[in-house]
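J.: For reference, the structure I am asking about is given below.
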Amino acid sequence: MTTPILSVRGLTKKFGGLTAVNNMDFALRTGELHAIIGPNGAGKTTFFNVVSGFLRPTAGTVSFGGADITGMATHRISQLGMARTLQIKSVFSGLTVYDNVWIAAHAKRKFLHPFRAARAYSDTAGVVARSIEAIGLTERAAELAGNLAYGDVALLEIAIAMAMQPRLLLLDEPVAGMSPEETQRTVLKIKELSRSVNILLIEHDVEAVFQIADRITVMTQGAILCQGTAEQIANDPRVQEAYLGVPTEVGHA
Amino acid sequence: MIRAAALLAAAFAAPLVLVDYQLVFVAEILIWGLFALSFGLVYGFGGMLSFAQALFFGMGCYGFNLATYKYSMGTWGAIGLGITAAMLFAIPTGYIATRVRQHHFLIVTVILSVLTSAVLASGHWRWIAGPYVTRSLPFVPTVAIGPWEFSFGSEIFTFYFTVVMVGIAVWLAWRLVSSPFGKALVAIRDNEHRAELIGLNVNRLRWLMFTFAAGIAGFSGTLYVLLARYTNLEFFDWTYSGKAVVAAIVGGASSLAGPFAGMAFYLVTTEHLSRYFQQFAILFGVLLLVVVRFAPDGLYVTLARWLREAMRALRTGSRAA
Amino acid sequence: MSAARIGSLDLVCGALAVAFLLSAPWLLPRFVPDFWVSIIAEILIWGLFASSANLLLGYTGLLSFGQSLYFGFGAYGVAFGIMKFEMGIVPAFILGVVIATAVAAVAGFFAVRLTWHYFAIITVVFSLIFYLVAVGWHSVTGGDDGLSFPLPPVARFGDVELTLLDPTFQYYFILVIVAACFLLQWIILRSPLGVAFTAVRENATRAGLIGLNPYLIRLTSFIIAGFLAGTAGALFALFSRYASAQYMYWTVSGEAVIWTIVGGSGTLFGPVIGAAVLITIREELSLYWEHYLILVGIIVILVVTFAPKGIVGSLNAWRAARRTARVAGNRVRP
């Protein structure tokens with residue numbers, strides 16, 4: 001039984017009177033592509049925010065790869081190998097696509113050399129070239145990130161995350177706002193990536209999730225409702241109720 | 001609301017406890033507090049860090065003097081002209097200033113301040129503005145309210161007048177920030193892009209707020225002339241803007257009472273510690289640093305919040321017991 | 001890294017500038033009065049000072065109105081070194097720079113954590129406080145009158161003395177040090193640290209998410225900027241044999257910001273160009289009109305409103321636009 005790459009115990013996050021995450025236990029097994037779904041307000045993004053260090057938990061612990069990271073600063077968690085994309089896509093608008101990925105690839109080094117030319121780091125350049133190619137933005141590499149179309153910004157975010165060569169990748173609504181073709185392309189890319197890195201994702205597009213996720217967690221009102229494979233979830237009446245309020249037949253994706 | 005009523009009651013009762021010069025001091029606090037509020041409006045609600053508020057205070061003084069000497073207007077007319085002068089000055093300066101954002105806005109307001117001070121120092125203003133900027137009032141002004149005529153020679157009357165006038169201004173500001181206009185500005189301050197996308201004309205709204213705040217600053221300028229009966233060129237200086245900035249931030253820039261609290265603190269301490277001015281300056285700098293780091297909403301606002309939460313905890317605690 | 005590509009135009013301009021600067025002490029006096037050589041030396045010093053504001057504002061996204069503080073410490077360090085500790089020029093110079101950098105480290109430790117409004121205000125407040133202390137502490141700092149001191153020679157070779165009292169030697173001394181500082185900036189800005197500065201400027205949240213520590217990176221930038229400002233101050237003290245509290249006053253910092261913006265923030269030489277243009281205007285205008293500040297102020301407002309990229313920035317943008325247009329034009333042709 002290997003240590004789960006991410007494990008959360010008794011995690012609670014309150015905002016004043018509002019409990020966004022309520023005493024949650026969760027473990028992500030190594031090698032599985034795991035998705036978290038649930039209606040709006042279920043606490044999914046708050047969960048991500050606590051795990052990645054944006055918020056301190058009101059109670060509970062988070063451990064990453066066996067190490068306790070509860071309350072650790074975001075940049076330290078990132079250095080430990082956790083990469084994350086944001087619900088509202090956020091990149092370095094004033095830098096080129098190339099530089100966006102470059103700094104992501106290089107930031108892990110504790111010491112940023114102030115005197116060596118950045119271009120001289122051939123190992124970093126290699127990672128950058130591969131990451132940009134993997135998401136298909138090689139032609140736009142010299143463009144400013146602020147000028148990219150929305151779909152490309154989402155891809156750039158994924159490239160940034162991958163360039164960090166993380167152990168765990170948290171994707172927050174990766175296909176939000178995408179057309180069906182873009183969604184299909186991104187979903188397949190995510191599946192491909194999951195072969196080399198652990199992925200935990202939040203999504204609203206349930207069909208996309210059913211297509212690629214090994215296991216799915218359904219959250220509602222700050223707690224886990226149920227977990228299982230796509231088939232188990234699809235046929236669980238509690239899930240149908242949570243989403244639709246009324247038990248109905250849910251077709252297979 | 002209760003707080004406002006209590007304050008007002010305290011204000012009206014004050015002459016029973018305080019002596020003449022103390023009343024004048026409190027009136028000064030109110031006037032400078034209103035000036036600090038003008039910064040609070042433009043920064044706390046409008047999101048614009050402006051170092052130009054002193055310009056409008058000065059314009060208020062100028063307008064008042066102009067009305068009194070050149071046009072021989074009564075007090076009400078002079079106050080009106082002072083406010084108008086300030087707002088008129090704000091229109092072009094605000095237009096320039098609100099076309100740019102963030103850092104550049106701050107720099108433009110600073111340069112406008114310095115520029116105006118340079119123009120004033122050069123004496124060139126005389127042929128634009130006449131000798132009315134720094135005139136002192138040699139006579140004691142009177143004001144007509146209804147059928148009676150009151151004189152500002154009486155400290156008690158001056159005090160009450162100031163209280164009422166400042167009260168009206170604060171009430172106006174309160175109406176403004178609770179209005180749709182005020183809500184729009186808060187939205188702009190929070191997420192300008194999103195505000196544009198829902199159809200708000202960001203530049204125009206900012207400009208309007210800038211002008212309104214300038215009017216408030218000008219109003220406080222006219223009140224000052226009525227109180228102190230003199231105007232000094234240094235009122236236009238960026239350092240006076242700086243005082244408004246520091247007072248509003250220390251007290252709480254996003255509240256209506258915060259700037260008054262901050263200014264009261266500043267004036268009371270300068271009054272008593274003027275001997276130790278340098279040490280005091282250091283102390284104030286450290287205080288600002290502490291406030292900005294640990295209580296960025298301002299001391300008054302933070303303390304008020306703590307009190308409220310403490311009372312709530314006490315109430316729930318006693319209920320549970 | 002994202003800097004404009006060096007084209008042939010850049011090389012020509014660069015070569016001309018270098019040739020001009022190297023030959024100024026001999027070439028200039030043929031055309032203009034002698035004192036212009038000193039003005040160029042001053043412009044170099046103030047350009048270096050402005051570049052400290054530029055490193056913070058243009059590259060790291062921090063608006064500081066307090067760089068004059070470190071300038072002042074650099075100058076006072078030199079003054080004390082020579083007057084109280086009887087040091088030679090080079091040790092006194094190093095003392096000034098070290099003190100300025102140390103003060104920047106302490107101030108930065110507190111200030112850099114704040115959001116930009118408060119950061120800007122606090123830098124002014126720091127500057128103001130030290131100015132007040134310096135002015136008041138007359139016995140130590142000479143107050144507003146400042147401290148004047150004699151300059152020991154830099155070096156002696158037998159009978160020959162190299163002293164900064166010789167305007168030509170002084171000019172080259174300043175030129176070498178300023179050039180070295182700009183070279184240092186160029187190296188840093190193209191290094192991983194430099195990329196990190198711009199990343200933090202662009203999106204501090206995202207920077208944290210990729211493992212950069214925004215606070216540390218901003219603090220590093222602040223300390224380097226303090227070093228640059230302190231070096232400028234130390235040079236100024238040597239140049240004028242004088243250190244005074246009035247150079248700590250916030251308006252001096254304001255000038256650094258203004259020169260940077262007019263010249264072009266976020267460009268390496270923008271600050272020097274801005275300083276050169278505005279100081280030259282000041283020198284020329286002040287002969288005819290004692291209130292030249294008004295014109296300078298108007299120019300600055302116009303630049304900030306209509307050409308916020310500044311002189312060098314706008315030039316770069318124009319050339320980049322022409323380049324893309326040319327490339328697009330080339331692609332269209334079969």
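Following the order of the structure tokens, chains are lettered A, B, ..., residues in each are numbered from 1, and ligands are numbered from 1.
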Residues of chain C were defined as contacting chain B if any atom lay at most 9 Å from it, counting only C-alpha atoms; please report them as number ranges by chain.
T.: C: 63, 110-111, 113-114, 116-118, 121-122, 125-126, 128-130, 132-133, 136, 254, 257-258, 290-291, 293-298, 300-301, 304-305, 308
J.: Output N, CA and C atoms of each residue in that selection to a file, as an mmCIF file, in the first residue's frame.
T.:
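Result file follows (selection-v4.cif):
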data_model
loop_
_atom_site.group_PDB
_atom_site.id
_atom_site.type_symbol
_atom_site.label_atom_id
_atom_site.label_comp_id
_atom_site.auth_asym_id
_atom_site.auth_seq_id
_atom_site.Cartn_x
_atom_site.Cartn_y
_atom_site.Cartn_z
ATOM 1 N N LEU C 63 6.406 51.155 -7.057
ATOM 2 C CA LEU C 63 6.602 52.598 -7.166
ATOM 3 C C LEU C 63 7.173 53.115 -5.858
ATOM 4 N N PHE C 110 10.526 45.883 5.770
ATOM 5 C CA PHE C 110 9.192 46.264 6.227
ATOM 6 C C PHE C 110 8.285 46.673 5.080
ATOM 7 N N ALA C 111 8.859 47.419 4.137
ATOM 8 C CA ALA C 111 8.004 48.064 3.139
ATOM 9 C C ALA C 111 7.501 47.119 2.059
ATOM 10 N N ARG C 113 6.447 44.231 1.845
ATOM 11 C CA ARG C 113 5.295 43.372 2.087
ATOM 12 C C ARG C 113 3.972 44.026 1.697
ATOM 13 N N LEU C 114 3.977 45.360 1.558
ATOM 14 C CA LEU C 114 2.728 46.099 1.433
ATOM 15 C C LEU C 114 2.227 46.169 -0.001
ATOM 16 N N TRP C 116 0.740 48.186 -3.259
ATOM 17 C CA TRP C 116 1.489 49.288 -3.847
ATOM 18 C C TRP C 116 1.102 50.659 -3.347
ATOM 19 N N HIS C 117 -0.180 50.873 -2.965
ATOM 20 C CA HIS C 117 -0.521 52.196 -2.444
ATOM 21 C C HIS C 117 0.265 52.473 -1.178
ATOM 22 N N TYR C 118 0.187 51.499 -0.270
ATOM 23 C CA TYR C 118 0.842 51.689 1.012
ATOM 24 C C TYR C 118 2.348 51.701 0.852
ATOM 25 N N ILE C 121 3.305 55.163 -0.208
ATOM 26 C CA ILE C 121 3.175 56.113 0.894
ATOM 27 C C ILE C 121 4.274 55.896 1.931
ATOM 28 N N ILE C 122 4.530 54.641 2.259
ATOM 29 C CA ILE C 122 5.542 54.361 3.277
ATOM 30 C C ILE C 122 6.928 54.803 2.808
ATOM 31 N N VAL C 125 7.105 58.332 3.511
ATOM 32 C CA VAL C 125 7.163 58.582 4.945
ATOM 33 C C VAL C 125 8.563 58.313 5.491
ATOM 34 N N PHE C 126 9.167 57.187 5.092
ATOM 35 C CA PHE C 126 10.541 56.895 5.523
ATOM 36 C C PHE C 126 11.473 58.026 5.147
ATOM 37 N N LEU C 128 10.808 61.069 4.435
ATOM 38 C CA LEU C 128 10.506 62.288 5.174
ATOM 39 C C LEU C 128 11.056 62.226 6.597
ATOM 40 N N ILE C 129 10.886 61.084 7.225
ATOM 41 C CA ILE C 129 11.338 60.941 8.605
ATOM 42 C C ILE C 129 12.847 61.125 8.707
ATOM 43 N N PHE C 130 13.574 60.423 7.839
ATOM 44 C CA PHE C 130 15.020 60.554 7.915
ATOM 45 C C PHE C 130 15.467 61.957 7.562
ATOM 46 N N LEU C 132 13.806 64.672 8.237
ATOM 47 C CA LEU C 132 13.578 65.493 9.420
ATOM 48 C C LEU C 132 14.659 65.246 10.471
ATOM 49 N N VAL C 133 14.977 63.978 10.668
ATOM 50 C CA VAL C 133 16.012 63.660 11.648
ATOM 51 C C VAL C 133 17.334 64.286 11.235
ATOM 52 N N GLY C 136 17.347 67.974 11.699
ATOM 53 C CA GLY C 136 17.354 68.392 13.096
ATOM 54 C C GLY C 136 18.668 68.128 13.803
ATOM 55 N N GLY C 254 11.155 61.949 -6.161
ATOM 56 C CA GLY C 254 10.148 62.208 -7.179
ATOM 57 C C GLY C 254 10.804 62.467 -8.525
ATOM 58 N N VAL C 257 11.722 59.276 -10.213
ATOM 59 C CA VAL C 257 10.572 58.618 -10.845
ATOM 60 C C VAL C 257 10.209 59.329 -12.146
ATOM 61 N N ILE C 258 10.228 60.645 -12.100
ATOM 62 C CA ILE C 258 9.859 61.418 -13.289
ATOM 63 C C ILE C 258 10.840 61.199 -14.424
ATOM 64 N N GLU C 290 12.883 81.985 -14.357
ATOM 65 C CA GLU C 290 13.199 81.362 -13.088
ATOM 66 C C GLU C 290 12.161 80.327 -12.683
ATOM 67 N N HIS C 291 11.016 80.311 -13.330
ATOM 68 C CA HIS C 291 10.005 79.350 -12.926
ATOM 69 C C HIS C 291 9.841 78.267 -13.981
ATOM 70 N N LEU C 293 10.229 75.310 -13.750
ATOM 71 C CA LEU C 293 9.596 74.091 -13.232
ATOM 72 C C LEU C 293 8.209 73.891 -13.814
ATOM 73 N N ILE C 294 7.559 75.025 -14.093
ATOM 74 C CA ILE C 294 6.200 74.933 -14.610
ATOM 75 C C ILE C 294 6.211 74.199 -15.947
ATOM 76 N N LEU C 295 7.142 74.601 -16.810
ATOM 77 C CA LEU C 295 7.208 73.944 -18.115
ATOM 78 C C LEU C 295 7.572 72.474 -17.964
ATOM 79 N N VAL C 296 8.541 72.212 -17.097
ATOM 80 C CA VAL C 296 8.941 70.816 -16.875
ATOM 81 C C VAL C 296 7.743 69.997 -16.417
ATOM 82 N N GLY C 297 6.978 70.560 -15.472
ATOM 83 C CA GLY C 297 5.808 69.852 -14.972
ATOM 84 C C GLY C 297 4.809 69.559 -16.079
ATOM 85 N N ILE C 298 4.592 70.555 -16.931
ATOM 86 C CA ILE C 298 3.633 70.351 -18.021
ATOM 87 C C ILE C 298 4.113 69.260 -18.962
ATOM 88 N N VAL C 300 5.981 66.757 -18.249
ATOM 89 C CA VAL C 300 5.832 65.448 -17.622
ATOM 90 C C VAL C 300 4.384 64.982 -17.684
ATOM 91 N N ILE C 301 3.455 65.899 -17.386
ATOM 92 C CA ILE C 301 2.047 65.492 -17.416
ATOM 93 C C ILE C 301 1.662 65.038 -18.820
ATOM 94 N N VAL C 304 3.123 61.539 -19.419
ATOM 95 C CA VAL C 304 2.430 60.499 -18.672
ATOM 96 C C VAL C 304 1.055 60.221 -19.260
ATOM 97 N N THR C 305 0.390 61.272 -19.735
ATOM 98 C CA THR C 305 -0.956 61.087 -20.252
ATOM 99 C C THR C 305 -0.962 60.503 -21.646
ATOM 100 N N PRO C 308 2.831 57.186 -22.245
ATOM 101 C CA PRO C 308 3.259 56.632 -20.950
ATOM 102 C C PRO C 308 4.472 55.729 -21.028
#
J.: Can you write out as JSON lines which residues of chain A fall within 9 Å of chain C, alongside each residue's closest atom pair and its distance in Å to one decimal, counting only C-alpha atoms and ordering rows by chain and ascending residue number?
T.:
{"residue": "A:Ser52", "atom": "CA", "partner": "C:Leu209", "partner_atom": "CA", "distance": 8.3}
{"residue": "A:Ala73", "atom": "CA", "partner": "C:Gly208", "partner_atom": "CA", "distance": 8.7}
{"residue": "A:Thr74", "atom": "CA", "partner": "C:Gly208", "partner_atom": "CA", "distance": 6.0}
{"residue": "A:His75", "atom": "CA", "partner": "C:Gly211", "partner_atom": "CA", "distance": 4.3}
{"residue": "A:Arg76", "atom": "CA", "partner": "C:Gly211", "partner_atom": "CA", "distance": 6.3}
{"residue": "A:Ile77", "atom": "CA", "partner": "C:Gly211", "partner_atom": "CA", "distance": 7.5}
{"residue": "A:Ser78", "atom": "CA", "partner": "C:Gly211", "partner_atom": "CA", "distance": 4.7}
{"residue": "A:Gln79", "atom": "CA", "partner": "C:Gly211", "partner_atom": "CA", "distance": 4.8}
{"residue": "A:Leu80", "atom": "CA", "partner": "C:Gly211", "partner_atom": "CA", "distance": 8.4}
{"residue": "A:Gly81", "atom": "CA", "partner": "C:Gly211", "partner_atom": "CA", "distance": 8.8}
{"residue": "A:Met82", "atom": "CA", "partner": "C:Leu209", "partner_atom": "CA", "distance": 8.6}
{"residue": "A:Ala83", "atom": "CA", "partner": "C:Leu209", "partner_atom": "CA", "distance": 6.9}
{"residue": "A:Arg84", "atom": "CA", "partner": "C:Leu209", "partner_atom": "CA", "distance": 6.9}
{"residue": "A:Thr85", "atom": "CA", "partner": "C:Leu209", "partner_atom": "CA", "distance": 8.5}
{"residue": "A:Leu86", "atom": "CA", "partner": "C:Arg206", "partner_atom": "CA", "distance": 8.9}
{"residue": "A:Ser90", "atom": "CA", "partner": "C:Arg206", "partner_atom": "CA", "distance": 6.5}
{"residue": "A:Val91", "atom": "CA", "partner": "C:Arg206", "partner_atom": "CA", "distance": 6.4}
{"residue": "A:Phe92", "atom": "CA", "partner": "C:Glu202", "partner_atom": "CA", "distance": 5.3}
{"residue": "A:Ser93", "atom": "CA", "partner": "C:Glu202", "partner_atom": "CA", "distance": 6.5}
{"residue": "A:Gly94", "atom": "CA", "partner": "C:Glu202", "partner_atom": "CA", "distance": 6.1}
{"residue": "A:Leu95", "atom": "CA", "partner": "C:Ser2", "partner_atom": "CA", "distance": 7.0}
{"residue": "A:Thr96", "atom": "CA", "partner": "C:Ser2", "partner_atom": "CA", "distance": 7.0}
{"residue": "A:Asp99", "atom": "CA", "partner": "C:Ser2", "partner_atom": "CA", "distance": 7.4}
{"residue": "A:Asn100", "atom": "CA", "partner": "C:Ala199", "partner_atom": "CA", "distance": 7.9}
{"residue": "A:Trp102", "atom": "CA", "partner": "C:Val195", "partner_atom": "CA", "distance": 8.8}
{"residue": "A:Ile103", "atom": "CA", "partner": "C:Val195", "partner_atom": "CA", "distance": 6.7}
{"residue": "A:Ala104", "atom": "CA", "partner": "C:Ile210", "partner_atom": "CA", "distance": 5.4}
{"residue": "A:Ala105", "atom": "CA", "partner": "C:Ile210", "partner_atom": "CA", "distance": 8.3}
{"residue": "A:His106", "atom": "CA", "partner": "C:Pro192", "partner_atom": "CA", "distance": 7.6}
{"residue": "A:Ala107", "atom": "CA", "partner": "C:Gly211", "partner_atom": "CA", "distance": 5.6}
{"residue": "A:Lys108", "atom": "CA", "partner": "C:Gly211", "partner_atom": "CA", "distance": 5.8}
{"residue": "A:Arg109", "atom": "CA", "partner": "C:Gly211", "partner_atom": "CA", "distance": 8.7}
{"residue": "A:Lys110", "atom": "CA", "partner": "C:Leu212", "partner_atom": "CA", "distance": 8.7}
{"residue": "A:Phe111", "atom": "CA", "partner": "C:Leu193", "partner_atom": "CA", "distance": 8.7}
{"residue": "A:Leu112", "atom": "CA", "partner": "C:Leu193", "partner_atom": "CA", "distance": 5.1}
{"residue": "A:His113", "atom": "CA", "partner": "C:Pro192", "partner_atom": "CA", "distance": 5.8}
{"residue": "A:Pro114", "atom": "CA", "partner": "C:Ile188", "partner_atom": "CA", "distance": 4.9}
{"residue": "A:Phe115", "atom": "CA", "partner": "C:Ile188", "partner_atom": "CA", "distance": 5.3}
{"residue": "A:Arg116", "atom": "CA", "partner": "C:Ser191", "partner_atom": "CA", "distance": 5.4}
{"residue": "A:Ala117", "atom": "CA", "partner": "C:Ser191", "partner_atom": "CA", "distance": 4.5}
{"residue": "A:Ala118", "atom": "CA", "partner": "C:Ser191", "partner_atom": "CA", "distance": 4.4}
{"residue": "A:Arg119", "atom": "CA", "partner": "C:Met1", "partner_atom": "CA", "distance": 7.4}
{"residue": "A:Ala120", "atom": "CA", "partner": "C:Ser191", "partner_atom": "CA", "distance": 9.0}
{"residue": "A:Ala142", "atom": "CA", "partner": "C:Ser2", "partner_atom": "CA", "distance": 8.7}
{"residue": "A:Ile160", "atom": "CA", "partner": "C:Ile210", "partner_atom": "CA", "distance": 7.9}
{"residue": "A:Ala161", "atom": "CA", "partner": "C:Ile210", "partner_atom": "CA", "distance": 7.5}
{"residue": "A:Met164", "atom": "CA", "partner": "C:Ile210", "partner_atom": "CA", "distance": 6.9}
J.: Output C-alpha atoms for every residue in that selection, as a PDB file, in the first residue's frame.
T.:
ATOM      1  CA  SER A  52      -2.380  24.770  -2.556  1.00  0.00           C
ATOM      2  CA  ALA A  73       3.017  29.227   2.042  1.00  0.00           C
ATOM      3  CA  THR A  74       1.933  28.755  -1.559  1.00  0.00           C
ATOM      4  CA  HIS A  75       5.349  29.192  -3.077  1.00  0.00           C
ATOM      5  CA  ARG A  76       6.858  26.555  -0.814  1.00  0.00           C
ATOM      6  CA  ILE A  77       4.137  24.076  -1.665  1.00  0.00           C
ATOM      7  CA  SER A  78       4.750  24.815  -5.337  1.00  0.00           C
ATOM      8  CA  GLN A  79       8.441  24.174  -4.878  1.00  0.00           C
ATOM      9  CA  LEU A  80       7.648  20.811  -3.293  1.00  0.00           C
ATOM     10  CA  GLY A  81       6.127  19.739  -6.600  1.00  0.00           C
ATOM     11  CA  MET A  82       2.484  20.776  -6.628  1.00  0.00           C
ATOM     12  CA  ALA A  83       1.354  22.700  -9.688  1.00  0.00           C
ATOM     13  CA  ARG A  84      -2.002  24.312 -10.126  1.00  0.00           C
ATOM     14  CA  THR A  85      -4.104  26.097 -12.691  1.00  0.00           C
ATOM     15  CA  LEU A  86      -6.658  28.676 -11.607  1.00  0.00           C
ATOM     16  CA  SER A  90      -3.974  33.731 -14.798  1.00  0.00           C
ATOM     17  CA  VAL A  91      -0.662  34.040 -16.617  1.00  0.00           C
ATOM     18  CA  PHE A  92       2.053  36.695 -16.971  1.00  0.00           C
ATOM     19  CA  SER A  93       0.359  38.948 -19.513  1.00  0.00           C
ATOM     20  CA  GLY A  94       3.319  41.208 -20.116  1.00  0.00           C
ATOM     21  CA  LEU A  95       5.727  38.380 -20.822  1.00  0.00           C
ATOM     22  CA  THR A  96       5.934  36.289 -23.959  1.00  0.00           C
ATOM     23  CA  ASP A  99       9.118  33.549 -20.949  1.00  0.00           C
ATOM     24  CA  ASN A 100       5.960  32.466 -19.154  1.00  0.00           C
ATOM     25  CA  TRP A 102      10.640  29.595 -18.957  1.00  0.00           C
ATOM     26  CA  ILE A 103      10.186  31.122 -15.527  1.00  0.00           C
ATOM     27  CA  ALA A 104       7.857  28.291 -14.547  1.00  0.00           C
ATOM     28  CA  ALA A 105      10.475  25.750 -15.583  1.00  0.00           C
ATOM     29  CA  HIS A 106      13.258  27.541 -13.764  1.00  0.00           C
ATOM     30  CA  ALA A 107      11.541  28.737 -10.597  1.00  0.00           C
ATOM     31  CA  LYS A 108      12.037  25.485  -8.762  1.00  0.00           C
ATOM     32  CA  ARG A 109      15.701  26.222  -8.270  1.00  0.00           C
ATOM     33  CA  LYS A 110      16.083  27.750  -4.886  1.00  0.00           C
ATOM     34  CA  PHE A 111      18.748  30.109  -6.128  1.00  0.00           C
ATOM     35  CA  LEU A 112      17.999  32.417  -9.017  1.00  0.00           C
ATOM     36  CA  HIS A 113      21.354  33.336 -10.408  1.00  0.00           C
ATOM     37  CA  PRO A 114      21.627  37.077 -10.812  1.00  0.00           C
ATOM     38  CA  PHE A 115      24.544  37.076 -13.205  1.00  0.00           C
ATOM     39  CA  ARG A 116      24.378  34.172 -15.628  1.00  0.00           C
ATOM     40  CA  ALA A 117      22.370  34.904 -18.744  1.00  0.00           C
ATOM     41  CA  ALA A 118      18.984  33.213 -18.568  1.00  0.00           C
ATOM     42  CA  ARG A 119      19.287  32.034 -22.146  1.00  0.00           C
ATOM     43  CA  ALA A 120      22.397  30.093 -21.199  1.00  0.00           C
ATOM     44  CA  ALA A 142       7.162  34.960 -29.097  1.00  0.00           C
ATOM     45  CA  ILE A 160       3.241  26.458 -17.195  1.00  0.00           C
ATOM     46  CA  ALA A 161       2.083  23.768 -14.821  1.00  0.00           C
ATOM     47  CA  MET A 164       7.296  22.814 -13.316  1.00  0.00           C
TER      48      MET A 164
END
J.: Could you give me the residues within stretch 10-249 of chain A that DSSP places in strand (DSSP E or B), as a VMD selection string?
T.: chain A and resid 10 to 15 18 to 28 33 to 37 59 to 64 67 to 68 82 to 84 96 144 168 to 172 198 to 202 215 to 220 223 to 228
J.: Taking 2 positions as the minimum chain separation for residues in the same chain, which residues sit within 10 Å of C:Leu278 when counting only C-alpha atoms? Answer as number ranges by chain.
T.: C: 43, 255, 258-259, 262-263, 272-276, 280-284, 296, 299-300
J.: Store the residues picked out above, limited to C-alpha atoms, as a CSV table (one decimal), in the first residue's frame.
T.:
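What ended up in again_38.csv:
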chain,number,residue,atom,x,y,z
C,43,ILE,CA,23.6,63.7,-15.7
C,255,GLU,CA,12.6,63.5,-9.8
C,258,ILE,CA,9.9,61.4,-13.3
C,259,TRP,CA,13.1,61.0,-15.2
C,262,VAL,CA,9.8,60.4,-19.2
C,263,GLY,CA,12.8,58.5,-20.4
C,272,VAL,CA,19.5,58.3,-18.3
C,273,ILE,CA,17.8,59.7,-21.3
C,274,GLY,CA,15.0,61.1,-19.2
C,275,ALA,CA,17.5,62.6,-16.8
C,276,ALA,CA,19.5,64.0,-19.7
C,280,THR,CA,19.3,69.9,-20.0
C,281,ILE,CA,15.9,71.6,-20.2
C,282,ARG,CA,16.3,72.8,-16.7
C,283,GLU,CA,19.8,74.1,-17.2
C,284,GLU,CA,18.8,76.0,-20.4
C,296,VAL,CA,8.9,70.8,-16.9
C,299,ILE,CA,6.0,68.2,-20.2
C,300,VAL,CA,5.8,65.4,-17.6
J.: Quick one: pick out all helix (DSSP H, G or I) residues within stretch 94-296 of chain B from a backbone DSSP run and write them as JSON, numbers by chain.
T.: {"B": [94, 95, 96, 97, 98, 99, 102, 103, 104, 105, 106, 107, 108, 109, 110, 111, 112, 113, 114, 115, 116, 117, 118, 119, 120, 121, 122, 125, 126, 127, 128, 129, 130, 131, 132, 155, 156, 157, 158, 159, 160, 161, 162, 163, 164, 165, 166, 167, 168, 169, 170, 171, 172, 173, 174, 175, 176, 177, 178, 180, 181, 182, 183, 184, 185, 186, 187, 188, 189, 190, 192, 193, 194, 195, 196, 197, 202, 203, 204, 205, 206, 207, 208, 209, 210, 211, 212, 213, 214, 215, 216, 217, 218, 219, 220, 221, 222, 223, 224, 225, 226, 227, 228, 233, 234, 235, 236, 238, 239, 240, 241, 242, 243, 244, 245, 246, 247, 248, 249, 250, 251, 258, 259, 260, 261, 262, 263, 264, 265, 266, 267, 268, 269, 270, 271, 272, 273, 274, 275, 276, 277, 278, 279, 280, 281, 282, 283, 284, 285, 286, 287, 288, 289, 290, 291, 292, 293, 294]}
J.: Just the number, please: distance in Å from atom CA of C:Gly81 to atom CA of C:Ile94, one decimal.
T.: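 Atom CA of C:Ile94 lies at a distance of 9.3 Å from atom CA of C:Gly81.
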J.: Would you kindly return, as a list in words, each protein, DNA or RNA residue with an atom no farther than 10 Å from any atom of A:Val209, considering only C-alpha atoms and excluding same-chain residues fewer than 4 positions away?
T.: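 In the requested format, the answer is Leu33, His34, Ala35, Ile36, Ile37, Val187, Leu201, Ile202, Glu203, His204, Asp205, Ala213, Asp214, Arg215, Ile216, Ala230 and Ala253 of chain A.
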J.: Restricting the calculation to only C-alpha atoms: of B:Glu149, B:Glu155, B:Asp237, B:Glu309, which residue gets closest to B:Gly74?
T.: B:Glu149
J.: Excluding same-chain residues fewer than 4 positions from stretch 221-225 of chain B, what lies within 9 Å of it counting only C-alpha atoms, as a PyMOL selection string?
T.: chain B and resi 28+31-32+35+56-65+78-80+82-83+136-137+162+165-166+216-217+229-231
J.: List the spatial neighbours of A:Gly10 as a short mmCIF file (atom, residue, chain, number, x, y, z; two decimals) with C-alpha atoms, in the first residue's frame - criterion: any atom at most 12 Å away, only C-alpha atoms, same-chain residues fewer than 5 positions off excluded.
T.:
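Okay, this is what ended up in around-v7.cif:
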data_model
loop_
_atom_site.label_atom_id
_atom_site.label_comp_id
_atom_site.auth_asym_id
_atom_site.auth_seq_id
_atom_site.Cartn_x
_atom_site.Cartn_y
_atom_site.Cartn_z
CA VAL A 21 -15.36 22.71 3.64
CA ASN A 22 -16.67 20.52 6.41
CA ASN A 23 -14.49 17.92 8.08
CA MET A 24 -13.30 16.36 4.85
CA ASP A 25 -11.12 13.26 4.51
CA PHE A 26 -9.61 12.63 1.13
CA ALA A 27 -6.76 10.62 -0.30
CA PHE A 47 -10.65 22.74 -1.14
CA PRO A 57 -7.57 25.60 7.10
CA THR A 58 -9.72 26.28 10.13
CA ALA A 59 -9.03 22.72 11.21
CA GLY A 60 -7.47 19.57 9.82
CA THR A 61 -4.23 18.62 8.07
CA VAL A 62 -2.96 18.36 4.53
CA SER A 63 -0.06 16.17 3.53
CA THR A 70 -0.75 22.35 6.46
CA GLY A 222 -18.43 21.13 1.79
CA ALA A 223 -18.28 17.39 2.22
CA ILE A 224 -17.80 14.27 0.12
#
